[in-house]
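**Q** Below is the file input06.cif, which contains mmCIF, C-alpha atoms.
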```
data_final
loop_
_atom_site.label_atom_id
_atom_site.label_comp_id
_atom_site.auth_asym_id
_atom_site.auth_seq_id
_atom_site.Cartn_x
_atom_site.Cartn_y
_atom_site.Cartn_z
CA MET A 1 19.69 14.41 -4.94
CA LEU A 2 18.24 11.19 -3.57
CA ASN A 3 18.97 10.29 0.02
CA HIS A 4 18.11 6.63 -0.52
CA THR A 5 18.92 3.77 -2.84
CA PRO A 6 16.32 3.54 -5.63
CA LYS A 7 14.13 0.44 -5.32
CA ASN A 8 12.52 -1.67 -8.03
CA ILE A 9 8.76 -1.75 -7.44
CA LEU A 10 6.59 -4.23 -9.33
CA VAL A 11 3.06 -2.94 -10.06
CA ALA A 12 0.64 -5.49 -11.51
CA PRO A 13 -3.12 -4.87 -11.87
CA LEU A 14 -5.87 -7.28 -12.82
CA ASP A 15 -6.88 -7.21 -16.50
CA TRP A 16 -10.64 -7.16 -15.71
CA GLY A 17 -11.54 -3.95 -17.53
CA ALA A 18 -9.27 -0.90 -17.68
CA GLY A 19 -10.12 0.44 -14.22
CA HIS A 20 -7.66 -1.66 -12.23
CA THR A 21 -4.89 -0.47 -14.54
CA THR A 22 -5.78 3.23 -14.60
CA ARG A 23 -6.20 3.54 -10.84
CA CYS A 24 -2.61 2.35 -10.39
CA ILE A 25 -1.35 5.38 -12.35
CA PRO A 26 -1.32 7.85 -9.41
CA LEU A 27 0.51 5.25 -7.30
CA MET A 28 3.13 4.74 -10.00
CA ARG A 29 3.56 8.49 -10.43
CA HIS A 30 4.22 8.89 -6.73
CA ILE A 31 6.69 5.99 -6.67
CA LEU A 32 8.57 7.57 -9.56
CA ASP A 33 8.46 11.01 -7.93
CA ALA A 34 9.98 9.45 -4.81
CA GLY A 35 12.99 8.42 -6.89
CA HIS A 36 12.22 4.73 -7.33
CA ARG A 37 11.77 2.58 -10.44
CA VAL A 38 8.49 1.00 -11.55
CA ILE A 39 8.23 -2.33 -13.32
CA PHE A 40 4.73 -2.66 -14.75
CA ALA A 41 3.42 -6.19 -15.40
CA GLY A 42 0.38 -6.68 -17.59
CA ASN A 43 -0.88 -7.81 -20.97
CA ASP A 44 -0.53 -5.87 -24.21
CA ARG A 45 -3.69 -3.83 -23.68
CA GLN A 46 -2.72 -2.84 -20.14
CA GLN A 47 0.76 -1.82 -21.29
CA ALA A 48 -0.77 0.32 -24.05
CA ILE A 49 -2.92 2.14 -21.47
CA ILE A 50 0.10 2.93 -19.29
CA ASN A 51 2.16 4.10 -22.27
CA SER A 52 -0.71 6.31 -23.41
CA GLU A 53 -1.25 7.88 -20.00
CA MET A 54 2.33 8.07 -18.69
CA GLY A 55 4.61 8.04 -21.72
CA ASP A 56 6.56 5.23 -23.38
CA ASP A 57 9.69 5.53 -21.22
CA ALA A 58 8.17 6.18 -17.79
CA VAL A 59 8.22 2.57 -16.57
CA THR A 60 9.73 -0.79 -17.49
CA MET A 61 7.18 -3.06 -19.19
CA VAL A 62 6.96 -6.79 -18.54
CA HIS A 63 4.35 -9.09 -20.09
CA LEU A 64 2.07 -10.95 -17.67
CA GLU A 65 -1.00 -12.74 -18.95
CA GLY A 66 -4.33 -11.79 -17.38
CA TYR A 67 -7.18 -13.81 -15.91
CA ASN A 68 -9.21 -13.38 -19.12
CA ILE A 69 -12.60 -13.41 -17.39
CA THR A 70 -15.67 -13.07 -19.62
CA TYR A 71 -19.38 -12.53 -18.97
CA SER A 72 -22.32 -14.41 -20.34
CA PRO A 73 -24.52 -12.38 -22.71
CA LEU A 74 -27.50 -13.59 -20.66
CA ASN A 75 -27.91 -11.96 -17.28
CA ARG A 76 -29.66 -14.94 -15.70
CA ILE A 77 -26.67 -17.24 -16.24
CA ALA A 78 -23.94 -14.66 -15.65
CA GLN A 79 -23.22 -15.80 -12.09
CA ALA A 80 -23.11 -19.44 -13.14
CA GLY A 81 -20.72 -18.48 -15.92
CA LEU A 82 -18.38 -16.80 -13.45
CA LEU A 83 -18.42 -19.85 -11.18
CA LEU A 84 -17.58 -22.10 -14.13
CA GLN A 85 -14.52 -19.94 -14.79
CA ALA A 86 -13.21 -20.40 -11.22
CA PRO A 87 -10.86 -23.27 -12.19
CA SER A 88 -9.23 -21.17 -14.91
CA VAL A 89 -8.86 -18.24 -12.50
CA MET A 90 -7.19 -20.51 -9.93
CA ALA A 91 -4.87 -21.78 -12.65
CA ALA A 92 -3.99 -18.17 -13.53
CA ILE A 93 -3.20 -17.44 -9.86
CA ARG A 94 -0.88 -20.47 -9.70
CA ASN A 95 0.80 -19.41 -12.93
CA GLU A 96 1.39 -15.85 -11.75
CA GLN A 97 2.83 -17.14 -8.47
CA GLN A 98 5.32 -19.22 -10.46
CA TRP A 99 5.99 -16.24 -12.76
CA LEU A 100 6.65 -13.99 -9.76
CA ARG A 101 9.34 -16.24 -8.29
CA ALA A 102 11.32 -15.94 -11.51
CA ALA A 103 10.55 -12.21 -11.97
CA VAL A 104 11.80 -11.30 -8.48
CA LYS A 105 15.22 -12.71 -9.37
CA GLN A 106 15.33 -11.42 -12.93
CA TYR A 107 14.31 -7.83 -12.15
CA GLN A 108 15.66 -7.67 -8.58
CA ILE A 109 12.28 -6.61 -7.27
CA ASP A 110 12.26 -4.92 -3.86
CA GLY A 111 8.50 -4.42 -3.41
CA ILE A 112 5.26 -5.69 -4.96
CA VAL A 113 1.99 -3.80 -5.48
CA SER A 114 -0.75 -6.10 -6.76
CA ASP A 115 -4.17 -4.79 -7.72
CA ASN A 116 -6.54 -7.74 -7.24
CA ARG A 117 -4.00 -10.32 -8.49
CA TYR A 118 -3.98 -12.88 -5.71
CA GLY A 119 -0.90 -14.85 -6.73
CA LEU A 120 1.51 -11.92 -6.57
CA TYR A 121 2.75 -12.30 -3.00
CA HIS A 122 6.26 -13.33 -1.99
CA SER A 123 7.74 -14.72 1.20
CA SER A 124 10.82 -12.49 1.15
CA VAL A 125 9.64 -9.39 -0.76
CA PRO A 126 7.17 -6.94 0.86
CA SER A 127 3.87 -7.38 -0.98
CA VAL A 128 0.65 -5.37 -0.81
CA ILE A 129 -2.68 -5.96 -2.51
CA ILE A 130 -5.15 -3.29 -3.61
CA THR A 131 -8.88 -3.94 -3.42
CA HIS A 132 -11.95 -1.80 -2.71
CA GLN A 133 -14.18 -4.83 -2.33
CA LEU A 134 -13.51 -6.18 1.16
CA ARG A 135 -17.16 -7.17 1.49
CA VAL A 136 -17.85 -9.41 -1.50
CA LEU A 137 -21.39 -9.35 -2.88
CA SER A 138 -21.99 -12.61 -4.72
CA GLY A 139 -25.62 -11.92 -5.56
CA MET A 140 -26.57 -15.27 -4.00
CA GLY A 141 -27.46 -14.15 -0.46
CA ARG A 142 -25.87 -13.38 2.90
CA LEU A 143 -24.64 -16.92 3.71
CA PRO A 144 -22.71 -17.33 0.43
CA ASP A 145 -21.40 -13.78 0.85
CA ASN A 146 -20.04 -14.62 4.31
CA ILE A 147 -18.38 -17.78 3.01
CA VAL A 148 -16.81 -15.93 0.10
CA GLN A 149 -15.61 -13.16 2.42
CA ARG A 150 -13.83 -15.64 4.70
CA LEU A 151 -12.11 -17.18 1.68
CA HIS A 152 -11.27 -13.71 0.42
CA TYR A 153 -9.68 -12.71 3.74
CA ARG A 154 -7.62 -15.90 3.65
CA TRP A 155 -6.16 -14.83 0.31
CA LEU A 156 -5.61 -11.27 1.52
CA SER A 157 -3.72 -12.55 4.59
CA ARG A 158 -0.90 -13.76 2.32
CA PHE A 159 0.02 -10.13 1.67
CA GLY A 160 1.80 -7.85 4.11
CA ALA A 161 -0.81 -5.11 3.73
CA VAL A 162 -4.18 -4.40 2.14
CA TRP A 163 -4.62 -1.02 0.45
CA VAL A 164 -8.20 0.16 -0.03
CA PRO A 165 -8.84 2.93 -2.60
CA ASP A 166 -11.56 4.69 -0.63
CA MET A 167 -12.20 6.82 2.41
CA PRO A 168 -12.45 5.08 5.80
CA GLY A 169 -15.58 6.83 7.10
CA ALA A 170 -19.29 6.49 6.53
CA ASP A 171 -19.15 9.02 3.69
CA ASN A 172 -17.02 6.69 1.58
CA LEU A 173 -17.64 5.93 -2.10
CA ALA A 174 -18.00 2.14 -2.14
CA GLY A 175 -20.52 1.80 0.69
CA GLN A 176 -20.42 -1.54 2.49
CA LEU A 177 -18.01 -2.98 -0.09
CA SER A 178 -15.02 -1.19 1.46
CA ARG A 179 -16.40 -0.84 5.00
CA PRO A 180 -17.11 -4.32 6.44
CA ALA A 181 -17.65 -4.89 10.15
CA VAL A 182 -14.18 -6.43 10.52
CA LEU A 183 -11.19 -5.28 8.49
CA PRO A 184 -8.37 -7.59 7.37
CA PRO A 185 -5.10 -7.12 9.28
CA GLY A 186 -2.83 -4.50 7.77
CA THR A 187 -5.60 -2.49 6.09
CA HIS A 188 -4.81 1.08 4.99
CA TYR A 189 -7.20 3.41 3.18
CA LEU A 190 -5.66 5.22 0.22
CA GLY A 191 -8.39 7.77 -0.39
CA LEU A 192 -9.71 7.88 -3.95
CA LEU A 193 -7.46 7.09 -6.91
CA SER A 194 -7.88 8.59 -10.36
CA ARG A 195 -5.54 8.88 -13.33
CA PHE A 196 -6.75 12.51 -13.60
CA SER A 197 -5.91 13.56 -10.04
CA GLY A 198 -2.35 14.62 -10.86
CA MET A 199 -3.22 16.18 -14.20
CA VAL A 200 -3.57 19.84 -15.07
CA LEU A 201 -7.25 19.71 -15.96
CA PRO A 202 -8.86 21.71 -18.76
CA GLU A 203 -11.13 24.54 -17.77
CA LYS A 204 -14.65 23.24 -17.28
CA ASP A 205 -16.77 24.29 -20.29
CA THR A 206 -19.91 22.19 -20.10
CA ASP A 207 -22.44 21.99 -22.93
CA PRO A 208 -25.68 20.75 -21.30
CA ASP A 209 -26.80 19.00 -24.51
CA ARG A 210 -23.49 17.24 -25.17
CA LEU A 211 -23.37 13.49 -24.48
CA LEU A 212 -20.23 11.48 -23.82
CA VAL A 213 -20.58 7.71 -24.18
CA LEU A 214 -17.75 5.80 -22.50
CA LEU A 215 -17.88 2.06 -23.04
CA SER A 216 -15.69 -0.30 -21.04
CA GLY A 217 -15.56 -3.68 -19.39
CA PRO A 218 -15.41 -7.32 -20.45
CA GLU A 219 -16.82 -8.82 -23.59
CA PRO A 220 -19.35 -9.65 -24.83
CA GLN A 221 -21.21 -7.12 -22.68
CA ARG A 222 -19.22 -4.14 -23.97
CA THR A 223 -20.25 -4.94 -27.55
CA ILE A 224 -23.85 -5.63 -26.55
CA LEU A 225 -24.15 -2.22 -24.89
CA SER A 226 -22.54 -0.54 -27.90
CA GLN A 227 -25.15 -2.11 -30.17
CA ILE A 228 -27.94 -0.91 -27.86
CA LEU A 229 -26.63 2.65 -27.62
CA TRP A 230 -25.47 3.36 -31.16
CA PRO A 231 -28.85 3.64 -32.94
CA GLN A 232 -30.20 5.75 -30.07
CA VAL A 233 -27.34 8.27 -30.06
CA ALA A 234 -27.48 8.35 -33.87
CA ALA A 235 -31.07 9.62 -33.53
CA TYR A 236 -30.17 12.13 -30.80
CA HIS A 237 -30.30 15.80 -31.85
CA GLY A 238 -27.40 17.15 -29.78
CA PRO A 239 -23.62 16.62 -30.08
CA VAL A 240 -22.34 13.18 -29.08
CA VAL A 241 -18.85 11.82 -28.44
CA PHE A 242 -18.91 8.02 -28.62
CA ALA A 243 -15.86 6.11 -27.30
CA GLU A 244 -16.03 2.36 -27.90
CA GLY A 245 -13.35 1.45 -25.35
CA SER A 246 -11.91 -1.21 -27.66
CA ASP A 247 -9.06 -1.09 -30.16
CA SER A 248 -10.68 -3.90 -32.13
CA ALA A 249 -14.03 -2.13 -32.59
CA ALA A 250 -14.94 -1.41 -36.20
CA ALA A 251 -16.23 2.03 -37.08
CA PRO A 252 -19.96 2.14 -37.93
CA ALA A 253 -20.77 2.16 -41.64
CA VAL A 254 -22.53 5.50 -41.28
CA ILE A 255 -21.54 8.09 -38.65
CA PRO A 256 -23.99 11.02 -38.42
CA PRO A 257 -22.49 14.55 -38.47
CA HIS A 258 -23.44 15.20 -34.84
CA VAL A 259 -21.52 12.13 -33.58
CA CYS A 260 -17.74 12.00 -33.08
CA TRP A 261 -16.73 8.33 -32.93
CA HIS A 262 -13.51 7.02 -31.31
CA LYS A 263 -12.07 3.63 -30.60
CA ARG A 264 -10.72 5.03 -27.33
CA LEU A 265 -10.10 8.26 -25.49
CA SER A 266 -7.32 8.73 -22.96
CA GLY A 267 -5.25 11.32 -21.19
CA THR A 268 -5.96 14.98 -21.85
CA ALA A 269 -8.42 14.18 -24.65
CA LEU A 270 -10.61 12.16 -22.29
CA ALA A 271 -10.33 14.78 -19.54
CA THR A 272 -11.44 17.47 -21.98
CA GLU A 273 -14.46 15.47 -23.14
CA ILE A 274 -15.61 14.72 -19.59
CA SER A 275 -15.30 18.42 -18.74
CA CYS A 276 -17.38 19.43 -21.78
CA ALA A 277 -20.12 16.80 -21.48
CA GLY A 278 -23.48 17.69 -20.08
CA MET A 279 -24.08 13.99 -19.43
CA VAL A 280 -21.75 10.98 -19.37
CA ILE A 281 -23.18 7.55 -20.20
CA CYS A 282 -21.02 4.78 -18.80
CA ARG A 283 -20.72 1.66 -16.67
CA SER A 284 -20.83 1.96 -12.89
CA GLY A 285 -17.37 0.50 -12.43
CA TYR A 286 -15.61 1.73 -9.32
CA SER A 287 -12.65 3.32 -11.09
CA THR A 288 -15.03 5.11 -13.46
CA LEU A 289 -16.87 6.58 -10.47
CA MET A 290 -13.60 7.79 -8.97
CA ASP A 291 -12.70 9.45 -12.29
CA LEU A 292 -16.10 11.16 -12.52
CA GLY A 293 -15.58 12.56 -9.03
CA VAL A 294 -12.57 14.56 -10.18
CA PHE A 295 -14.78 16.48 -12.64
CA ASP A 296 -18.05 16.68 -10.67
CA ALA A 297 -19.59 15.15 -13.80
CA ARG A 298 -23.22 14.12 -14.19
CA ALA A 299 -23.78 10.60 -15.43
CA ILE A 300 -26.23 7.91 -16.46
CA LEU A 301 -24.87 4.61 -15.13
CA ILE A 302 -25.55 1.27 -16.82
CA PRO A 303 -24.16 -1.61 -14.71
CA THR A 304 -22.69 -4.62 -16.47
CA PRO A 305 -25.40 -7.31 -16.27
CA GLY A 306 -24.56 -9.97 -13.71
CA GLN A 307 -21.78 -7.93 -12.07
CA THR A 308 -23.27 -7.52 -8.62
CA GLU A 309 -20.64 -4.99 -7.54
CA GLN A 310 -21.57 -2.59 -10.35
CA GLU A 311 -25.27 -3.10 -9.69
CA TYR A 312 -24.77 -2.27 -6.01
CA LEU A 313 -22.61 0.78 -6.76
CA GLY A 314 -25.16 2.03 -9.28
CA ARG A 315 -27.93 1.82 -6.68
CA ILE A 316 -26.07 3.71 -3.98
CA MET A 317 -24.89 6.36 -6.44
CA GLN A 318 -28.50 6.98 -7.49
CA GLN A 319 -29.56 7.19 -3.85
CA GLN A 320 -27.10 10.04 -3.40
CA GLY A 321 -28.90 11.89 -6.20
CA HIS A 322 -25.90 12.72 -8.37
CA TYR A 323 -26.24 9.89 -10.91
CA TYR A 324 -29.12 8.07 -12.56
CA CYS A 325 -28.76 4.28 -12.75
CA THR A 326 -30.70 2.08 -15.15
CA PRO A 327 -30.36 -1.53 -16.35
CA GLN A 328 -28.92 -2.38 -19.74
CA SER A 329 -31.92 -4.44 -20.74
CA GLY A 330 -34.55 -2.20 -22.30
CA PHE A 331 -32.35 0.89 -22.06
CA SER A 332 -33.97 4.03 -23.47
CA LEU A 333 -31.77 7.07 -23.99
CA GLU A 334 -34.75 9.39 -24.23
CA GLN A 335 -36.34 8.15 -21.01
CA SER A 336 -33.03 8.06 -19.14
CA LEU A 337 -32.24 11.66 -20.07
CA LYS A 338 -35.67 12.76 -18.90
CA LYS A 339 -35.25 11.02 -15.55
CA ALA A 340 -31.71 12.31 -15.17
CA GLN A 341 -32.95 15.90 -15.48
CA GLY A 342 -33.87 15.69 -11.80
CA LEU A 343 -30.27 15.14 -10.73
CA LYS A 344 -28.96 17.76 -8.37
CA ASP A 345 -25.74 19.53 -9.25
CA ALA A 346 -22.93 17.03 -9.22
CA SER A 347 -20.76 17.40 -6.15
CA GLY A 348 -17.73 15.18 -6.27
CA PRO A 349 -15.37 14.50 -3.38
CA GLU A 350 -12.99 17.21 -2.27
CA ARG A 351 -9.74 17.11 -4.21
CA ARG A 352 -7.71 16.42 -1.07
CA VAL A 353 -9.10 12.87 -0.84
CA PHE A 354 -7.17 12.07 -4.03
CA ASP A 355 -3.83 12.73 -2.28
CA ILE A 356 -4.12 10.45 0.75
CA HIS A 357 -2.33 7.59 -1.04
CA LYS A 358 0.94 9.54 -1.06
CA GLU A 359 1.44 9.23 2.69
CA VAL A 360 0.56 5.51 2.71
CA VAL A 361 2.83 4.70 -0.22
CA SER A 362 5.69 6.83 1.12
CA GLN A 363 5.54 5.11 4.49
CA TRP A 364 5.61 1.68 2.81
CA LEU A 365 8.58 2.64 0.63
CA THR A 366 10.62 3.54 3.71
CA THR A 367 10.27 -0.05 4.96
CA LEU A 368 11.84 -1.63 1.88
#
```
Could you rewrite the structure in this file as structure tokens?

**A**
Amino acid sequence: MLNHTPKNILVAPLDWGAGHTTRCIPLMRHILDAGHRVIFAGNDRQQAIINSEMGDDAVTMVHLEGYNITYSPLNRIAQAGLLLQAPSVMAAIRNEQQWLRAAVKQYQIDGIVSDNRYGLYHSSVPSVIITHQLRVLSGMGRLPDNIVQRLHYRWLSRFGAVWVPDMPGADNLAGQLSRPAVLPPGTHYLGLLSRFSGMVLPEKDTDPDRLLVLLSGPEPQRTILSQILWPQVAAYHGPVVFAEGSDSAAAPAVIPPHVCWHKRLSGTALATEISCAGMVICRSGYSTLMDLGVFDARAILIPTPGQTEQEYLGRIMQQQGHYYCTPQSGFSLEQSLKKAQGLKDASGPERRVFDIHKEVVSQWLTTL
């Protein structure tokens, strides 16, 4: 029996790749376990992910349009392309702020958890924002980085708290991204977040020759990487599981017998494939790295061109010796596998670091 009145908690992640959505899953599970209700706000694709991972009736779904950020297919103009999209992003933030005012009344929202959506704060409803990137790396040098960070902190200050999905110490996952010299007021570290952390995982049965290709991220770069990888895995002699990461992807005209092709993998099916893979080939997105840590999986990381955060994370992951990082341009599967042979045994974070969020979230819920 509950000893409190159930609260309505709005959870709304950014639509920039699936990672922001999937890392909210353990938070939503804990909110539900605590006897509260979750209202999930996102676009159709984000809602489909939550339904797939949590079940159709677990949370209340509300449509909220995303920022719809895209990347240039040319790395050298990727940063300029992102800057040109700044007006549309600001318009999206204004629109979601207007949407929130109406949603608070309609759904009687008692608390707001926003993952990198900067317009979802409210003057009379406790609001928190999730971000692992307190130190923003623009790719344009230290002075622009400092300017962007000050602007970023100004946006973060509109929320009652900042939740960081990482560890607070020097042995954290995101390096300097989540460990700047000065923290924003109200910062709390959640530990690592993974959709797999609360799951009964399949027994690890790794085939050293088995490849798992997990594509993700914004277009057109997802499609470009798919086109680079497909002919190379088709010529590979071991078993391959190839997940496009897109419901709109068309199946190749010819799929070799050694390749198992999917539009997407999720839930237990994805957990099983990661456990069985001798090598995972994927982006170096932060949520992907947290997921890999649950399985102690080996991986070849291919950062999204022009996404300085992924490029930085790829570098520091390779420095630790557990992953091999290589650029998308000129990617060679054969050469990457040879270089990745020198990886030491994967050693992910201890499982307990995936439970830290429960105390932070529970404490926040008591204040509502």

**Q** Using all atoms listed in the file, which residue out of A:Val62, A:Trp230, A:Cys276, A:His188 lies closest to Ile255 (chain A)?

**A**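 Counting all atoms listed in the file, the residue closest to Ile255 (chain A) is A:Trp230.
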
**Q** Sort by chain and increasing residue number a table of all residues of region 193-280 of chain A within 8 Å of region 292-316 of chain A, each with its closest pair of atoms and their distance in Å to one decimal, counting all atoms listed in the file, and write it as JSON lines.

**A**
```
{"residue": "A:Ser194", "atom": "CA", "partner": "A:Val294", "partner_atom": "CA", "distance": 7.6}
{"residue": "A:Phe196", "atom": "CA", "partner": "A:Val294", "partner_atom": "CA", "distance": 7.1}
{"residue": "A:Ser197", "atom": "CA", "partner": "A:Val294", "partner_atom": "CA", "distance": 6.7}
{"residue": "A:Gly217", "atom": "CA", "partner": "A:Thr304", "partner_atom": "CA", "distance": 7.8}
{"residue": "A:Gln221", "atom": "CA", "partner": "A:Thr304", "partner_atom": "CA", "distance": 6.9}
{"residue": "A:Ile274", "atom": "CA", "partner": "A:Ala297", "partner_atom": "CA", "distance": 7.0}
{"residue": "A:Ser275", "atom": "CA", "partner": "A:Phe295", "partner_atom": "CA", "distance": 6.4}
{"residue": "A:Ala277", "atom": "CA", "partner": "A:Ala297", "partner_atom": "CA", "distance": 7.9}
{"residue": "A:Gly278", "atom": "CA", "partner": "A:Arg298", "partner_atom": "CA", "distance": 6.9}
{"residue": "A:Met279", "atom": "CA", "partner": "A:Ala299", "partner_atom": "CA", "distance": 5.3}
{"residue": "A:Val280", "atom": "CA", "partner": "A:Ala299", "partner_atom": "CA", "distance": 4.4}
```

**Q** Take CA of Ala41 (chain A) and CA of Ile129 (chain A) and report the distance between them in Å, one decimal.

**A**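 CA of Ile129 (chain A) lies 14.3 Å from CA of Ala41 (chain A).
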
**Q** Closest to Met61 (chain A) among A:Trp163, A:Trp99, A:Tyr107, A:Phe242, using all atoms listed in the file?

**A** A:Tyr107

**Q** Counting only C-alpha atoms, find the residues whose atoms lie at most 12 Å from (-34.6, 12.5, -22.2) (file coordinates) and write them out as a PDB file with C-alpha atoms, in the frame of the given file.

**A**
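As written to disk, selection.pdb reads:
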```pdb
ATOM      1  CA  ASP A 209     -26.800  19.000 -24.510  1.00  0.00           C
ATOM      2  CA  LEU A 211     -23.370  13.490 -24.480  1.00  0.00           C
ATOM      3  CA  GLN A 232     -30.200   5.750 -30.070  1.00  0.00           C
ATOM      4  CA  VAL A 233     -27.340   8.270 -30.060  1.00  0.00           C
ATOM      5  CA  TYR A 236     -30.170  12.130 -30.800  1.00  0.00           C
ATOM      6  CA  HIS A 237     -30.300  15.800 -31.850  1.00  0.00           C
ATOM      7  CA  GLY A 238     -27.400  17.150 -29.780  1.00  0.00           C
ATOM      8  CA  MET A 279     -24.080  13.990 -19.430  1.00  0.00           C
ATOM      9  CA  ILE A 300     -26.230   7.910 -16.460  1.00  0.00           C
ATOM     10  CA  TYR A 324     -29.120   8.070 -12.560  1.00  0.00           C
ATOM     11  CA  PHE A 331     -32.350   0.890 -22.060  1.00  0.00           C
ATOM     12  CA  SER A 332     -33.970   4.030 -23.470  1.00  0.00           C
ATOM     13  CA  LEU A 333     -31.770   7.070 -23.990  1.00  0.00           C
ATOM     14  CA  GLU A 334     -34.750   9.390 -24.230  1.00  0.00           C
ATOM     15  CA  GLN A 335     -36.340   8.150 -21.010  1.00  0.00           C
ATOM     16  CA  SER A 336     -33.030   8.060 -19.140  1.00  0.00           C
ATOM     17  CA  LEU A 337     -32.240  11.660 -20.070  1.00  0.00           C
ATOM     18  CA  LYS A 338     -35.670  12.760 -18.900  1.00  0.00           C
ATOM     19  CA  LYS A 339     -35.250  11.020 -15.550  1.00  0.00           C
ATOM     20  CA  ALA A 340     -31.710  12.310 -15.170  1.00  0.00           C
ATOM     21  CA  GLN A 341     -32.950  15.900 -15.480  1.00  0.00           C
ATOM     22  CA  GLY A 342     -33.870  15.690 -11.800  1.00  0.00           C
TER      23      GLY A 342
END
```

**Q** As a list in words, please: the residues near Arg264 (chain A) (cut-off 6 Å, all atoms listed in the file, same-chain neighbours under 4 positions excluded).

**A**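 Contacts, with the query itself left out: Ala243, Glu244 and Gly245 of chain A.
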
**Q** Ranking A:Val240, A:Met28, A:Ile39, A:Val89 by minimum distance to Met54 (chain A) and counting all atoms listed in the file, which one comes first?

**A** A:Met28

**Q** Using all atoms listed in the file, which of A:Pro184, A:Pro6, A:Gly169, A:Gly198 sits nearest Pro26 (chain A)?

**A**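 Ranking A:Pro184, A:Pro6, A:Gly169, A:Gly198 by distance to Pro26 (chain A), first place goes to A:Gly198.
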
**Q** I would like the residues chosen by the PyMOL selection byres ((chain A and resi 151-157) around 9) on the shown file; could you give them as a PyMOL selection string?

**A** chain A and resi 118-119+128-129+134-136+146-150+158-162+183-186
